[in-house]
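work.cif (mmCIF, C-alpha atoms) appears below.
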data_coords
loop_
_atom_site.label_atom_id
_atom_site.label_comp_id
_atom_site.auth_asym_id
_atom_site.auth_seq_id
_atom_site.Cartn_x
_atom_site.Cartn_y
_atom_site.Cartn_z
CA MET G 549 0.00 0.00 0.00
CA LYS G 550 1.41 3.35 -1.06
CA THR G 551 1.01 6.41 1.09
CA GLY G 552 1.87 10.02 0.39
CA ILE G 553 1.45 12.18 -2.66
CA THR G 554 2.00 10.72 -6.13
CA GLY G 555 3.67 12.74 -8.88
CA ASN G 556 0.38 13.65 -10.55
CA HIS G 557 -1.23 14.76 -7.28
CA PHE G 558 1.90 16.71 -6.37
CA LEU G 559 1.73 18.70 -9.63
CA LYS G 560 -1.94 19.52 -9.06
CA LEU G 561 -1.24 20.63 -5.49
CA LEU G 562 1.73 22.71 -6.63
CA SER G 563 -0.35 24.37 -9.38
CA LEU G 564 -3.12 25.22 -6.92
CA THR G 565 -0.65 26.61 -4.40
CA LEU G 566 1.03 28.83 -7.02
CA MET G 567 -2.31 30.06 -8.34
CA LEU G 568 -3.53 30.99 -4.85
CA SER G 569 -0.27 32.72 -3.97
CA PHE G 570 -0.70 35.05 -6.95
CA THR G 571 -4.45 35.68 -6.68
CA ALA G 572 -4.99 35.76 -2.89
CA PRO G 573 -3.58 39.30 -2.45
CA PHE G 574 -6.04 40.64 -5.04
CA ILE G 575 -8.99 38.73 -3.62
CA SER G 576 -8.27 39.94 -0.08
CA GLU G 577 -7.74 43.54 -1.24
CA GLY G 578 -11.22 43.54 -2.76
CA GLN G 579 -12.70 42.09 0.41
CA THR G 580 -11.22 44.60 2.87
CA GLY G 581 -14.53 46.43 3.28
CA LYS G 582 -12.88 49.84 3.00
CA LEU G 583 -14.89 52.67 1.50
CA ASN G 584 -14.24 53.89 -2.02
CA PHE G 585 -14.40 57.68 -2.53
CA THR G 586 -14.30 57.58 -6.34
CA GLY G 587 -16.54 60.17 -7.98
CA SER G 588 -17.09 63.78 -8.89
CA TRP G 589 -18.01 65.77 -5.77
CA ALA G 590 -19.65 69.20 -5.37
CA LEU G 591 -19.30 71.23 -2.16
CA ASN G 592 -22.67 71.70 -0.44
CA MET G 593 -22.25 75.09 1.27
CA GLU G 594 -25.60 74.82 3.08
CA LYS G 595 -24.58 71.64 4.90
CA SER G 596 -20.94 72.69 5.44
CA THR G 597 -19.43 74.68 8.30
CA ILE G 598 -16.52 76.61 6.80
CA GLY G 599 -16.38 79.84 8.77
CA ASP G 600 -15.58 83.35 7.58
CA ASN G 601 -13.52 82.46 4.52
CA PRO G 602 -15.46 80.48 1.87
CA ARG G 603 -12.22 80.16 -0.16
CA MET G 604 -10.97 77.78 2.55
CA GLY G 605 -13.71 75.27 1.68
CA GLY G 606 -11.70 73.45 -0.94
CA GLY G 607 -14.31 73.58 -3.69
CA ASN G 608 -15.43 70.73 -5.91
CA PHE G 609 -13.15 67.79 -6.64
CA ILE G 610 -12.81 64.53 -8.54
CA ALA G 611 -11.56 61.50 -6.61
CA LYS G 612 -10.19 58.33 -8.18
CA GLN G 613 -9.47 55.46 -5.85
CA GLU G 614 -7.80 52.45 -7.40
CA GLY G 615 -6.18 49.78 -5.28
CA ASN G 616 -3.93 51.48 -2.77
CA LEU G 617 -3.98 54.96 -4.35
CA LEU G 618 -6.35 57.91 -3.91
CA SER G 619 -5.99 60.78 -6.42
CA VAL G 620 -7.82 64.04 -5.70
CA GLU G 621 -8.07 66.64 -8.48
CA ARG G 622 -9.28 70.13 -7.54
CA THR G 623 -9.88 73.04 -9.90
CA ARG G 624 -10.26 76.48 -8.38
CA THR G 625 -9.78 80.16 -9.13
CA ASN G 626 -6.78 81.78 -7.46
CA ARG G 627 -6.53 85.35 -6.14
CA ASP G 628 -5.53 86.63 -9.59
CA GLY G 629 -8.66 85.13 -11.20
CA GLU G 630 -6.71 82.32 -12.90
CA THR G 631 -8.03 78.76 -12.99
CA VAL G 632 -5.62 76.38 -11.28
CA THR G 633 -5.90 72.58 -11.21
CA THR G 634 -3.96 70.55 -8.65
CA THR G 635 -3.81 66.80 -8.22
CA MET G 636 -2.81 65.25 -4.92
CA LYS G 637 -2.03 61.54 -4.66
CA TYR G 638 -2.14 59.58 -1.43
CA THR G 639 -1.07 56.00 -0.83
CA LEU G 640 -3.62 54.26 1.37
CA ASP G 641 -1.18 51.99 3.20
CA GLY G 642 0.09 54.38 5.88
CA LYS G 643 3.24 55.31 3.94
CA GLU G 644 4.22 58.93 3.33
CA SER G 645 3.09 60.58 0.09
CA ILE G 646 4.81 63.71 -1.23
CA ASN G 647 2.86 66.16 -3.41
CA THR G 648 3.95 69.41 -5.00
CA SER G 649 1.55 72.26 -5.75
CA PRO G 650 1.76 76.03 -6.25
CA ARG G 651 1.49 76.25 -2.46
CA GLY G 652 4.67 74.21 -1.99
CA GLU G 653 5.58 70.66 -1.13
CA SER G 654 3.41 68.65 1.23
CA LYS G 655 3.97 65.34 2.99
CA SER G 656 0.92 63.26 3.87
CA VAL G 657 0.10 59.98 5.55
CA ALA G 658 -3.31 58.38 4.94
CA ILE G 659 -4.57 55.82 7.46
CA TRP G 660 -7.78 53.77 7.45
CA SER G 661 -9.80 53.24 10.62
CA THR G 662 -9.86 49.61 11.75
CA ASP G 663 -13.41 49.18 10.42
CA GLY G 664 -12.50 50.73 7.03
CA ASN G 665 -15.25 53.37 7.27
CA THR G 666 -13.03 56.41 7.82
CA LEU G 667 -9.87 57.63 6.11
CA THR G 668 -7.63 60.09 7.99
CA ILE G 669 -5.09 62.13 6.02
CA ASN G 670 -2.44 63.98 8.05
CA THR G 671 -0.47 66.55 6.04
CA THR G 672 2.46 68.86 6.77
CA ARG G 673 3.27 71.66 4.31
CA THR G 674 6.17 74.09 4.62
CA PHE G 675 6.13 77.25 2.48
CA GLU G 676 7.56 80.74 2.26
CA MET G 677 5.35 83.71 3.13
CA ASP G 678 6.53 87.30 3.49
CA GLY G 679 10.15 86.15 3.53
CA GLU G 680 9.78 83.61 6.31
CA SER G 681 9.27 79.88 6.37
CA ARG G 682 5.91 78.70 7.70
CA THR G 683 4.56 75.25 8.47
CA LEU G 684 0.91 74.30 8.15
CA LYS G 685 -0.36 71.00 9.54
CA SER G 686 -3.74 69.59 8.64
CA ASN G 687 -5.82 66.61 9.61
CA GLU G 688 -8.68 65.51 7.33
CA VAL G 689 -11.14 62.79 8.30
CA TRP G 690 -13.06 61.46 5.28
CA THR G 691 -16.35 59.61 5.78
CA LEU G 692 -18.88 58.43 3.23
CA THR G 693 -22.04 59.53 5.04
CA ASP G 694 -24.18 57.73 2.45
CA PRO G 695 -23.45 56.56 -1.13
CA LYS G 696 -23.95 60.13 -2.43
CA THR G 697 -22.40 62.22 0.38
CA ILE G 698 -18.84 62.66 1.66
CA THR G 699 -18.13 64.53 4.87
CA ILE G 700 -14.58 65.82 5.43
CA GLN G 701 -13.75 67.15 8.89
CA SER G 702 -10.64 69.30 8.56
CA THR G 703 -8.46 70.83 11.25
CA MET G 704 -5.55 73.06 10.23
CA SER G 705 -2.86 74.14 12.66
CA THR G 706 -1.11 77.34 11.56
CA PRO G 707 1.11 79.91 13.25
CA ASP G 708 -2.07 82.04 13.46
CA GLY G 709 -4.02 79.33 15.33
CA ASP G 710 -6.20 76.31 14.58
CA ARG G 711 -9.08 76.32 12.08
CA THR G 712 -11.73 73.61 12.01
CA MET G 713 -14.17 73.04 9.16
CA THR G 714 -16.75 70.46 8.19
CA MET G 715 -17.19 70.18 4.44
CA VAL G 716 -20.07 68.18 2.99
CA TYR G 717 -19.92 67.12 -0.67
CA ASP G 718 -22.69 65.74 -2.86
CA LYS G 719 -21.93 63.28 -5.65
CA LYS G 720 -22.59 64.79 -9.07
#
What would the structure in this file look like if it were written as structure tokens?
Amino acid sequence: MKTGITGNHFLKLLSLTLMLSFTAPFISEGQTGKLNFTGSWALNMEKSTIGDNPRMGGGNFIAKQEGNLLSVERTRTNRDGETVTTTMKYTLDGKESINTSPRGESKSVAIWSTDGNTLTINTTRTFEMDGESRTLKSNEVWTLTDPKTITIQSTMSTPDGDRTMTMVYDKK
């Protein structure tokens, strides 16, 4: 009586093991239960709490979330009346992302909550203003309130003090 794995069974087992080792990471990534913020989003001023400066609201944006990357494209009018488009990219694995915009270089870390329902993006930006170097730190907490609404709670720490805003966006 033979015991153990025969050559034919061994090849089948090896094939199955190799196939699972290549596909399991993709299957598990799709099953993480984390929210997806992909879409075109319009700022709802009535539901938002922005404060005295409506320019600080961030305006409309387009988000593309694919795998472990979130890209956020914003188009706005600057102080000179020019239209400016910036795209910020964040890795969603807790590693630092570096973005460059007209406002300077920023370093961000995006972290999911344990339940996958909230994404927190912590950013530090250093820039020159009036001949001196300034650092701005921000914390954004992204939540999909319902399939057609994103709420972003934002706290910015500046040399002039902290500013807190709640921005509500409706899916277009």
Select from segment 666-703 of chain G every residue with an atom at most 12 Å from any atom of segment 617-624 of chain G, then for each give the shortest pair of atoms and their distance in Å to one decimal, using all atoms listed in the file, rows by chain and rising number, as CSV.
residue,atom,partner,partner_atom,distance
G:Leu667,CA,G:Leu618,CA,10.6
G:Ile669,CA,G:Leu618,CA,10.9
G:Trp690,CA,G:Leu618,CA,11.9
If you apply the PyMOL selection byres ((chain G and resi 664) around 7) to this file, what residues do you get, as a ChimeraX atom specification?
/G:581-583,660-663,665-666
Please provide the set of residues having any atom within 10 Å of Ser702 of chain G, restricted to all atoms listed in the file, with same-chain residues fewer than 3 positions apart removed, written as a ChimeraX atom specification.
/G:598,605,668-670,686-690,699,711-715
Would you list the contacts of Thr639 of chain G as a list in words, taking every protein, DNA or RNA residue within 8 Å and counting only C-alpha atoms, but skipping same-chain residues closer than 4 positions in sequence?
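Final neighbour list, sorted by chain and number: Asn616, Leu617, Leu618, Lys643, Glu644, Ser645, Val657 and Ala658 of chain G.
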Might you pull out every residue within 12 Å of Pro695 of chain G, with only C-alpha atoms counted and same-chain residues fewer than 4 positions away left off, and present them as a list in words?
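Contacts, with the query itself left out: Leu583, Asn584, Phe585, Thr586, Gly587, Trp589, Thr691, Thr699, Tyr717, Asp718, Lys719 and Lys720 of chain G.
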So that I can see what lies close to segment 671-674 of chain G, please list as a VMD selection string the residues with an atom at most 7 Å from it, counting all atoms listed in the file and leaving out residues fewer than 6 positions away in the same chain.
chain G and resid 652 to 657 681 to 687
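As for atom CA of Asn608 of chain G and atom CA of Asn592 of chain G, they are spaced 9.1 Å apart.
Across the model, the gap from atom CA of Ala611 of chain G to atom CA of Lys696 of chain G is 13.1 Å.
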Length of the atom CA of Thr635 of chain G to atom CA of Ser649 of chain G vector [Å]
8.0 Å
Using all atoms listed in the file, find the one residue out of G:Leu640, G:Lys595, G:Asn626, G:Met704 that sits nearest to Glu614 of chain G.
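Checking each of G:Leu640, G:Lys595, G:Asn626, G:Met704 against Glu614 of chain G, counting all atoms listed in the file, the winner is G:Leu640.
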Using all atoms listed in the file, which of the listed residues (G:Gly615, G:Gly679, G:Thr706, G:Val716) sits closest to Asp694 of chain G?
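The shortest atom-to-atom distance to Asp694 of chain G comes from G:Val716.
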Set up a box along x, y and z of the file covering all listed atoms of segment 659-677 of chain G, add 3 Å on every one of the six sides, and write the centre and edge lengths in Å to one decimal, as lines of an AutoDock Vina configuration file.
center_x = -3.8
center_y = 66.4
center_z = 7.0
size_x = 28.8
size_y = 40.5
size_z = 15.5
Kindly add all heavy atoms to the incomplete segment 581-592 of chain G and provide the output as a PDB file, keeping the file's coordinate frame.
ATOM      1  N   GLY G 581     -13.397  45.707   2.727  1.00  0.00           N
ATOM      2  CA  GLY G 581     -14.530  46.430   3.280  1.00  0.00           C
ATOM      3  C   GLY G 581     -14.268  47.912   3.444  1.00  0.00           C
ATOM      4  O   GLY G 581     -15.042  48.594   4.089  1.00  0.00           O
ATOM      5  N   LYS G 582     -13.181  48.417   2.889  1.00  0.00           N
ATOM      6  CA  LYS G 582     -12.880  49.840   3.000  1.00  0.00           C
ATOM      7  C   LYS G 582     -13.705  50.610   1.980  1.00  0.00           C
ATOM      8  O   LYS G 582     -13.989  50.140   0.894  1.00  0.00           O
ATOM      9  CB  LYS G 582     -11.387  50.072   2.784  1.00  0.00           C
ATOM     10  CG  LYS G 582     -10.584  49.449   3.908  1.00  0.00           C
ATOM     11  CD  LYS G 582      -9.106  49.599   3.689  1.00  0.00           C
ATOM     12  CE  LYS G 582      -8.376  48.932   4.837  1.00  0.00           C
ATOM     13  NZ  LYS G 582      -7.019  48.614   4.521  1.00  0.00           N
ATOM     14  N   LEU G 583     -14.078  51.827   2.370  1.00  0.00           N
ATOM     15  CA  LEU G 583     -14.890  52.670   1.500  1.00  0.00           C
ATOM     16  C   LEU G 583     -14.117  53.076   0.255  1.00  0.00           C
ATOM     17  O   LEU G 583     -12.891  53.118   0.255  1.00  0.00           O
ATOM     18  CB  LEU G 583     -15.319  53.922   2.255  1.00  0.00           C
ATOM     19  CG  LEU G 583     -16.226  53.708   3.447  1.00  0.00           C
ATOM     20  CD1 LEU G 583     -16.539  55.038   4.111  1.00  0.00           C
ATOM     21  CD2 LEU G 583     -17.513  53.025   3.027  1.00  0.00           C
ATOM     22  N   ASN G 584     -14.851  53.397  -0.785  1.00  0.00           N
ATOM     23  CA  ASN G 584     -14.240  53.890  -2.020  1.00  0.00           C
ATOM     24  C   ASN G 584     -14.836  55.271  -2.283  1.00  0.00           C
ATOM     25  O   ASN G 584     -16.047  55.424  -2.412  1.00  0.00           O
ATOM     26  CB  ASN G 584     -14.516  52.944  -3.181  1.00  0.00           C
ATOM     27  CG  ASN G 584     -13.694  53.289  -4.393  1.00  0.00           C
ATOM     28  OD1 ASN G 584     -13.611  54.447  -4.791  1.00  0.00           O
ATOM     29  ND2 ASN G 584     -13.080  52.292  -4.988  1.00  0.00           N
ATOM     30  N   PHE G 585     -13.961  56.293  -2.379  1.00  0.00           N
ATOM     31  CA  PHE G 585     -14.400  57.680  -2.530  1.00  0.00           C
ATOM     32  C   PHE G 585     -14.442  58.148  -3.985  1.00  0.00           C
ATOM     33  O   PHE G 585     -14.592  59.337  -4.242  1.00  0.00           O
ATOM     34  CB  PHE G 585     -13.473  58.597  -1.714  1.00  0.00           C
ATOM     35  CG  PHE G 585     -13.518  58.327  -0.238  1.00  0.00           C
ATOM     36  CD1 PHE G 585     -12.480  57.675   0.407  1.00  0.00           C
ATOM     37  CD2 PHE G 585     -14.610  58.721   0.514  1.00  0.00           C
ATOM     38  CE1 PHE G 585     -12.524  57.438   1.771  1.00  0.00           C
ATOM     39  CE2 PHE G 585     -14.664  58.486   1.883  1.00  0.00           C
ATOM     40  CZ  PHE G 585     -13.617  57.832   2.514  1.00  0.00           C
ATOM     41  N   THR G 586     -14.314  57.224  -4.931  1.00  0.00           N
ATOM     42  CA  THR G 586     -14.300  57.580  -6.340  1.00  0.00           C
ATOM     43  C   THR G 586     -15.569  58.327  -6.730  1.00  0.00           C
ATOM     44  O   THR G 586     -16.676  57.934  -6.360  1.00  0.00           O
ATOM     45  CB  THR G 586     -14.149  56.316  -7.211  1.00  0.00           C
ATOM     46  OG1 THR G 586     -12.887  55.716  -6.924  1.00  0.00           O
ATOM     47  CG2 THR G 586     -14.236  56.640  -8.693  1.00  0.00           C
ATOM     48  N   GLY G 587     -15.399  59.418  -7.477  1.00  0.00           N
ATOM     49  CA  GLY G 587     -16.540  60.170  -7.980  1.00  0.00           C
ATOM     50  C   GLY G 587     -16.226  61.626  -8.166  1.00  0.00           C
ATOM     51  O   GLY G 587     -15.136  62.103  -7.837  1.00  0.00           O
ATOM     52  N   SER G 588     -17.179  62.333  -8.720  1.00  0.00           N
ATOM     53  CA  SER G 588     -17.090  63.780  -8.890  1.00  0.00           C
ATOM     54  C   SER G 588     -17.958  64.397  -7.804  1.00  0.00           C
ATOM     55  O   SER G 588     -19.148  64.077  -7.693  1.00  0.00           O
ATOM     56  CB  SER G 588     -17.615  64.149 -10.285  1.00  0.00           C
ATOM     57  OG  SER G 588     -17.482  65.517 -10.510  1.00  0.00           O
ATOM     58  N   TRP G 589     -17.361  65.284  -6.977  1.00  0.00           N
ATOM     59  CA  TRP G 589     -18.010  65.770  -5.770  1.00  0.00           C
ATOM     60  C   TRP G 589     -18.153  67.284  -5.770  1.00  0.00           C
ATOM     61  O   TRP G 589     -17.213  67.997  -6.092  1.00  0.00           O
ATOM     62  CB  TRP G 589     -17.227  65.321  -4.544  1.00  0.00           C
ATOM     63  CG  TRP G 589     -17.108  63.833  -4.460  1.00  0.00           C
ATOM     64  CD1 TRP G 589     -16.093  63.053  -4.933  1.00  0.00           C
ATOM     65  CD2 TRP G 589     -18.065  62.932  -3.913  1.00  0.00           C
ATOM     66  NE1 TRP G 589     -16.353  61.730  -4.694  1.00  0.00           N
ATOM     67  CE2 TRP G 589     -17.562  61.624  -4.065  1.00  0.00           C
ATOM     68  CE3 TRP G 589     -19.299  63.107  -3.288  1.00  0.00           C
ATOM     69  CZ2 TRP G 589     -18.258  60.494  -3.626  1.00  0.00           C
ATOM     70  CZ3 TRP G 589     -19.987  61.978  -2.852  1.00  0.00           C
ATOM     71  CH2 TRP G 589     -19.466  60.702  -3.021  1.00  0.00           C
ATOM     72  N   ALA G 590     -19.346  67.764  -5.410  1.00  0.00           N
ATOM     73  CA  ALA G 590     -19.650  69.200  -5.370  1.00  0.00           C
ATOM     74  C   ALA G 590     -19.859  69.637  -3.918  1.00  0.00           C
ATOM     75  O   ALA G 590     -20.629  69.002  -3.177  1.00  0.00           O
ATOM     76  CB  ALA G 590     -20.899  69.507  -6.183  1.00  0.00           C
ATOM     77  N   LEU G 591     -19.178  70.706  -3.516  1.00  0.00           N
ATOM     78  CA  LEU G 591     -19.300  71.230  -2.160  1.00  0.00           C
ATOM     79  C   LEU G 591     -20.727  71.727  -1.920  1.00  0.00           C
ATOM     80  O   LEU G 591     -21.261  72.505  -2.696  1.00  0.00           O
ATOM     81  CB  LEU G 591     -18.306  72.357  -1.931  1.00  0.00           C
ATOM     82  CG  LEU G 591     -18.289  72.978  -0.537  1.00  0.00           C
ATOM     83  CD1 LEU G 591     -17.863  71.962   0.507  1.00  0.00           C
ATOM     84  CD2 LEU G 591     -17.353  74.184  -0.521  1.00  0.00           C
ATOM     85  N   ASN G 592     -21.336  71.264  -0.839  1.00  0.00           N
ATOM     86  CA  ASN G 592     -22.670  71.700  -0.440  1.00  0.00           C
ATOM     87  C   ASN G 592     -22.487  72.723   0.679  1.00  0.00           C
ATOM     88  O   ASN G 592     -22.299  72.370   1.840  1.00  0.00           O
ATOM     89  CB  ASN G 592     -23.501  70.501   0.032  1.00  0.00           C
ATOM     90  CG  ASN G 592     -24.922  70.868   0.370  1.00  0.00           C
ATOM     91  OD1 ASN G 592     -25.196  71.967   0.860  1.00  0.00           O
ATOM     92  ND2 ASN G 592     -25.839  69.948   0.123  1.00  0.00           N
TER      93      ASN G 592
END
